[in-house]
Structure formats: C-alpha cells, structure tokens
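Taking it in order: structure first as structure tokens, then the write-up.
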Amino acid sequence: MGEIIKVGMADLKVCAAPDALTTLGLGSCIGIAIRDPITKIGGLAHIMLPDSTQIKNNTNLYKFADTGIDELIRLLILKGASKQRLVAKIAGGAQMFAFQNKSDLVRVGERNAEACKDKLKQLNIPLLAQDTGLNYGRTVVFFPETGNYVIKAVGKEESVI
Amino acid sequence: MSKFNLNEMSQTYYDVLKEIGNIGAGNATTALAQMLQCKVDMKVPQVKLLSFSEVGILMGGEEQVMAGIYLLVEGDIRGSIMFLLEYHSARNLVAKLMGMQCEGEEFTEMEMSALKEIGNIITGAYLNSLSTLTGLTIYPSVPDLSIDMAGAILSVPAIEFGTLGDKLLLIQTQFTDEIELDGYFILIPDMESYDKILNSLGM
C-alpha cells in the first residue's frame, strides 16, 4: 500500500502507483484525475474557476480548468506518462447554495465541469467517468494503479467511478 | 482600477478591517445574547488573511462538518457574507434557541430554519455595524444554509476571492457561553466595494 498524497485547493500533484492522491471537501471546485494506464502514473488537479482568460489575476495556473489541465498534463509527461494514453475522470462542481445562481458567478460549479470537459475534448483525452453537480461536497481519492476514483460525501455511501 | 489589492494590503487597511470585524462581532454577540436570553461573551476576534489551504486547516480540517449560512449583499457595496459554525456548536445553538435537545444526528426542517435565522441575525448585526460605521447602505438577501464539509462550503467564498487573488479574508470570533462557540465570518465584497468601504472611512 502506497502513500496517499494530499492535494490542496488550487493545487495539483502527480504520483506513480502504488501511491495515491486525495483532495478533501470539493465543493464547486473540480477534482480532475488523469492517468496513464500503462505506466500507472497519475495526477490530480483541484481547480476553482473555469477560465483563466476571464480573470486579470491569473498567475496561479493551478486555479483554472484550462491552465490547470495543461500543467497537469505537462507534469504527467515529465514524470513518464504518454500523452496518447492519458484518460480522465472528474468529480465535484456542486452548487452548494441554492441562490448562487443570482450572483455574477453564475453556476460556477456547472461551468467548471463544462470547462473541464471542453478542455479534455480539445486535448483528445477521453473522459471515462464523472460525478459532478448536485448540492453536496465530495472528498475524492484517486488510485493511479487501478484508475479507481473513490468519492465520499457526508451522509452518503462511498462510491467508486 | 481598484487601488485595493488583497495581496499587498497595508497594515492600516488591515487594522481597519480588523476593527470593523471587532465591532461587527460585538454587535453579533449582543444579538445572540438577546436571542438566547442568556449571557454571551466574546473573545477578541482575529482577522486573518489566509491562503486557501490554510482555511480548511484552521477550521479543523477540510472534512470537518460545518453549518454555513450564506447571504448576498447589495446596495452601496456588493458581495456576500458567510457565517460558519462547527456542526456540534450549531446543534447546541439551535437546541438552546428552541429550548429543547435536538434529537438524532440530522437537523429537522424546523431546526434548519432556526439555524438560518441565527445566521440572519448574526450577519445582520455585523452588516449593521459596517453600515453605521461607513454610512453606506447595505441590504442582505435571505439566507441560505448548507451543512457539509468545511472545504466544500468554503469553496464558495474561496471561488469569489479566487477571481481576485489567492487569499481569503477571514474573521474568527469565539463566543463563550455555557457552551463554547467558534464562529467564522467571511465578508466578500467585490473590489470596488473595498475601495468604497475604505474611502468612506477616510482612508
């Protein structure tokens, strides 16, 4: 059994099996898990916002879906993953408060999920599974060994996608 | 262009925000005492500018279950305010307010409604002091409640701050009563509103 490495908010990490990656309490943010099934190298990014080009203060590349995924892939390749083999799973993007749609950050969870999907499509990385939306927080654990993406939520059964 | 920058905040600005936090929390304490009809004390609030990763840790970990009450703010300043309470504190508070012990582990509809009202009164008291101090008009919206992991609840203000920088301005208030109560305020004005607040105070 390997080590479980923690990924914070607006952060990303890569590792090789048997190590695993986790990020705790995803709300409207998205946890993007990408791995190379052959070398069993995987990475997890915890992004907060959909688009770096919409924001002036965008120096933190890990914060946005577009730049975050680019960085994640760059680091995966550096660690020995092959770009052609990469596959992805995503979780998070909840709407924590009902009236959030009134603020100008309209449906940020949903937009985060869409931005991730668009970006992955653009990079030709297959999205194998997703657990996004609804109104509750998620803790995720990603195992590059198997590709299992374990999702835990308060008062709910643990699930694996 | 806003002259205010969260990442380069001067000590004076910091002190002003701290003082607003202080007075706001004071008013909130009075409101809480009136509501519970008992004595409530408050420790000196701490104002902290934290990175996203530090916030979850401060509240006992990202997976700590909390009650978050969130309101939108409109008027002269725009933004939102959030009041967070640790789950068991929230239960104790509701039990005290309703004059009975909460049963089971889940909040009932009625208890959730009471919790929203507590959030409403506490944030109202806080915003009131901000309004009085600055002479700005502030209208809060109806409150909404989420009971979930601290990290998930905090993602909402963090994302709002995230459009501006990589830090979050947090006011931590400890209410002491027969039970100890840790409450956290997060005020999230937009950048123009920061300027307005500071300008109105002659900064």
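Following the order of the structure tokens, chains are lettered A, B, ..., residues in each are numbered from 1, and ligands are numbered from 1.
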Neighbouring residues of B:Ser193 were defined as those with any atom within 8 Å, considering only C-alpha atoms; residues of the same chain fewer than 2 positions away were excluded. Please report them as a tab-separated table (two decimals) with N, CA and C atoms, in the first residue's frame.
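As a result, part_12.tsv now contains:
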```tsv
chain	number	residue	atom	x	y	z
B	76	ASP	N	-24.94	49.90	-1.59
B	76	ASP	CA	-23.75	50.66	-1.97
B	76	ASP	C	-22.56	49.74	-2.18
B	77	ILE	N	-22.49	48.70	-1.41
B	77	ILE	CA	-21.45	47.71	-1.66
B	77	ILE	C	-22.11	46.41	-2.09
B	78	ARG	N	-21.41	45.65	-2.89
B	78	ARG	CA	-21.94	44.38	-3.38
B	78	ARG	C	-20.99	43.26	-2.97
B	79	GLY	N	-21.56	42.11	-2.79
B	79	GLY	CA	-20.72	40.98	-2.43
B	79	GLY	C	-21.54	39.95	-1.69
B	189	PRO	N	-16.65	41.41	-0.20
B	189	PRO	CA	-17.09	42.49	-1.07
B	189	PRO	C	-16.34	42.40	-2.40
B	190	ASP	N	-16.92	42.95	-3.46
B	190	ASP	CA	-16.13	42.99	-4.69
B	190	ASP	C	-15.09	44.11	-4.54
B	191	MET	N	-14.18	44.19	-5.47
B	191	MET	CA	-13.04	45.11	-5.31
B	191	MET	C	-13.46	46.57	-5.18
B	195	ASP	N	-12.83	49.53	-1.96
B	195	ASP	CA	-12.47	50.95	-2.09
B	195	ASP	C	-13.51	51.82	-1.41
B	196	LYS	N	-14.78	51.50	-1.66
B	196	LYS	CA	-15.85	52.30	-1.09
B	196	LYS	C	-15.81	52.29	0.43
B	197	ILE	N	-15.59	51.09	0.99
B	197	ILE	CA	-15.56	50.96	2.44
B	197	ILE	C	-14.41	51.81	2.99
```
Contact residues (chain B, partner chain A, 12 Å, only C-alpha atoms) as an MDAnalysis selection string: chainID B and resid 1 5:7 51:57 61:74 78:80 82 105:106 141:167 190
Residues near B:Ser89, cut-off 10 Å, only C-alpha atoms, skip fewer than 5 positions along chain, as a list in words: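 The filter keeps Met66, Ala67, Val94, Ala95, Ile179, Glu180, Leu181, Asp182 and Gly183 of chain B.
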Keeping only N, CA and C atoms, take the residues you just selected and write them out as a PDB file, in the first residue's frame.
```pdb
ATOM      1  N   MET B  66     -19.517  21.366   8.899  1.00  0.00           N
ATOM      2  CA  MET B  66     -19.863  22.694   9.385  1.00  0.00           C
ATOM      3  C   MET B  66     -21.245  23.090   8.867  1.00  0.00           C
ATOM      4  N   ALA B  67     -21.814  24.098   9.545  1.00  0.00           N
ATOM      5  CA  ALA B  67     -23.018  24.726   9.022  1.00  0.00           C
ATOM      6  C   ALA B  67     -22.606  26.077   8.471  1.00  0.00           C
ATOM      7  N   VAL B  94     -28.922  25.704  18.240  1.00  0.00           N
ATOM      8  CA  VAL B  94     -30.318  25.510  17.851  1.00  0.00           C
ATOM      9  C   VAL B  94     -31.115  24.951  19.035  1.00  0.00           C
ATOM     10  N   ALA B  95     -30.510  24.006  19.746  1.00  0.00           N
ATOM     11  CA  ALA B  95     -31.180  23.400  20.894  1.00  0.00           C
ATOM     12  C   ALA B  95     -31.502  24.475  21.929  1.00  0.00           C
ATOM     13  N   ILE B 179     -21.716  27.128  26.752  1.00  0.00           N
ATOM     14  CA  ILE B 179     -21.019  26.312  25.762  1.00  0.00           C
ATOM     15  C   ILE B 179     -20.102  27.217  24.952  1.00  0.00           C
ATOM     16  N   GLU B 180     -18.981  26.674  24.537  1.00  0.00           N
ATOM     17  CA  GLU B 180     -18.086  27.463  23.699  1.00  0.00           C
ATOM     18  C   GLU B 180     -18.508  27.362  22.240  1.00  0.00           C
ATOM     19  N   LEU B 181     -18.362  28.452  21.560  1.00  0.00           N
ATOM     20  CA  LEU B 181     -18.862  28.522  20.201  1.00  0.00           C
ATOM     21  C   LEU B 181     -17.838  29.203  19.325  1.00  0.00           C
ATOM     22  N   ASP B 182     -17.404  28.491  18.308  1.00  0.00           N
ATOM     23  CA  ASP B 182     -16.461  29.096  17.376  1.00  0.00           C
ATOM     24  C   ASP B 182     -17.208  29.492  16.120  1.00  0.00           C
ATOM     25  N   GLY B 183     -17.212  30.760  15.827  1.00  0.00           N
ATOM     26  CA  GLY B 183     -17.896  31.210  14.618  1.00  0.00           C
ATOM     27  C   GLY B 183     -16.918  31.921  13.703  1.00  0.00           C
TER      28      GLY B 183
END
```
Residue list (strand (DSSP E), DSSP) for stretch 3-203 of chain B, as a ChimeraX atom specification: /B:41-42,46-51,65-75,79-86,138-140,144-149,167-176,180-189
Please save C-alpha atoms of the selected residues as a CSV table (one decimal), in the first residue's frame.
```
chain,number,residue,atom,x,y,z
B,41,ASP,CA,-19.2,36.7,26.0
B,42,MET,CA,-16.9,37.1,23.1
B,46,GLN,CA,-9.0,37.5,14.9
B,47,VAL,CA,-8.7,38.8,11.4
B,48,LYS,CA,-6.6,36.7,9.2
B,49,LEU,CA,-5.6,36.8,5.6
B,50,LEU,CA,-5.2,33.1,4.7
B,51,SER,CA,-4.2,31.1,1.7
B,65,VAL,CA,-18.7,19.1,9.0
B,66,MET,CA,-19.9,22.7,9.4
B,67,ALA,CA,-23.0,24.7,9.0
B,68,GLY,CA,-22.5,27.6,6.6
B,69,ILE,CA,-25.1,30.4,6.3
B,70,TYR,CA,-24.6,32.5,3.2
B,71,LEU,CA,-26.2,35.8,2.2
B,72,LEU,CA,-25.8,38.1,-0.8
B,73,VAL,CA,-25.2,41.7,-0.1
B,74,GLU,CA,-26.5,44.5,-2.2
B,75,GLY,CA,-26.7,48.3,-2.0
B,79,GLY,CA,-20.7,41.0,-2.4
B,80,SER,CA,-21.7,38.3,0.0
B,81,ILE,CA,-21.2,37.3,3.6
B,82,MET,CA,-20.9,33.9,5.2
B,83,PHE,CA,-21.2,32.8,8.8
B,84,LEU,CA,-19.8,29.4,9.6
B,85,LEU,CA,-20.3,27.3,12.7
B,86,GLU,CA,-18.9,23.9,13.6
B,138,ILE,CA,-26.2,47.6,2.7
B,139,TYR,CA,-29.1,45.2,2.0
B,140,PRO,CA,-28.6,41.5,2.8
B,144,ASP,CA,-29.3,30.1,2.6
B,145,LEU,CA,-27.9,27.2,4.6
B,146,SER,CA,-25.5,24.3,3.7
B,147,ILE,CA,-24.4,21.6,6.1
B,148,ASP,CA,-21.4,19.9,4.6
B,149,MET,CA,-17.6,19.6,4.7
B,167,LYS,CA,-6.1,34.6,-0.3
B,168,LEU,CA,-9.2,34.8,1.8
B,169,LEU,CA,-10.1,37.4,4.4
B,170,LEU,CA,-11.5,35.6,7.5
B,171,ILE,CA,-12.8,37.0,10.8
B,172,GLN,CA,-12.8,34.4,13.5
B,173,THR,CA,-14.9,35.0,16.5
B,174,GLN,CA,-15.2,32.9,19.6
B,175,PHE,CA,-18.4,33.3,21.5
B,176,THR,CA,-18.2,31.9,25.0
B,180,GLU,CA,-18.1,27.5,23.7
B,181,LEU,CA,-18.9,28.5,20.2
B,182,ASP,CA,-16.5,29.1,17.4
B,183,GLY,CA,-17.9,31.2,14.6
B,184,TYR,CA,-16.3,32.5,11.5
B,185,PHE,CA,-17.3,35.4,9.3
B,186,ILE,CA,-16.2,35.8,5.8
B,187,LEU,CA,-17.1,39.0,4.2
B,188,ILE,CA,-16.6,39.1,0.4
B,189,PRO,CA,-17.1,42.5,-1.1
```
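Atom CA of B:Gly26 is found 21.1 Å from atom CA of B:Met59.
One finds atom CA of A:Lys119 at 21.3 Å from atom CA of A:Lys79.
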Contact residues around A:Ala91 with only C-alpha atoms at 12 Å, ignoring same-chain residues under 4 positions, as number ranges by chain: A: 22-34, 44-47, 109-110, 112-114, 116-117, 127-134, 136-142, 149-153, 159-161
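Counting from atom CA of A:Ile69, the distance to atom CA of A:Thr39 is 19.2 Å.
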Distance criterion (only C-alpha atoms): nearest to A:Arg107 out of A:Leu61, A:Cys15, A:Gly2, A:Pro50: A:Pro50
Helix (DSSP H, G or I) call set, DSSP backbone run, stretch 67-130 of chain A, as a PyMOL selection string: chain A and resi 67-78+83-85+98-102+108-122
Which residues are close to stretch 21-24 of chain B, i.e. within 6 Å by only C-alpha atoms, leaving aside same-chain residues fewer than 5 positions away? Reply as a PDB file with C-alpha atoms, in the first residue's frame.
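Saved to out.pdb:
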```pdb
ATOM      1  CA  PRO B  45     -11.880  38.432  17.093  1.00  0.00           C
ATOM      2  CA  TYR B 126     -22.393  42.511  11.629  1.00  0.00           C
ATOM      3  CA  SER B 129     -22.190  47.904  12.237  1.00  0.00           C
TER       4      SER B 129
END
```
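If you measure from each of A:Glu145, A:Ala81, A:Ala65, A:Leu76 to A:Pro18 using only C-alpha atoms, the closest one turns out to be A:Glu145.
With only C-alpha atoms as the basis for measurement, B:Leu17 is the residue among B:Leu127, B:Gly60, B:Lys116, B:Leu17 that approaches B:Tyr194 most closely.
Between A:Arg74 and the residues A:Leu12, A:Glu157, A:Thr53, A:Ile5, the shortest atom-to-atom distance, using only C-alpha atoms, involves A:Leu12.
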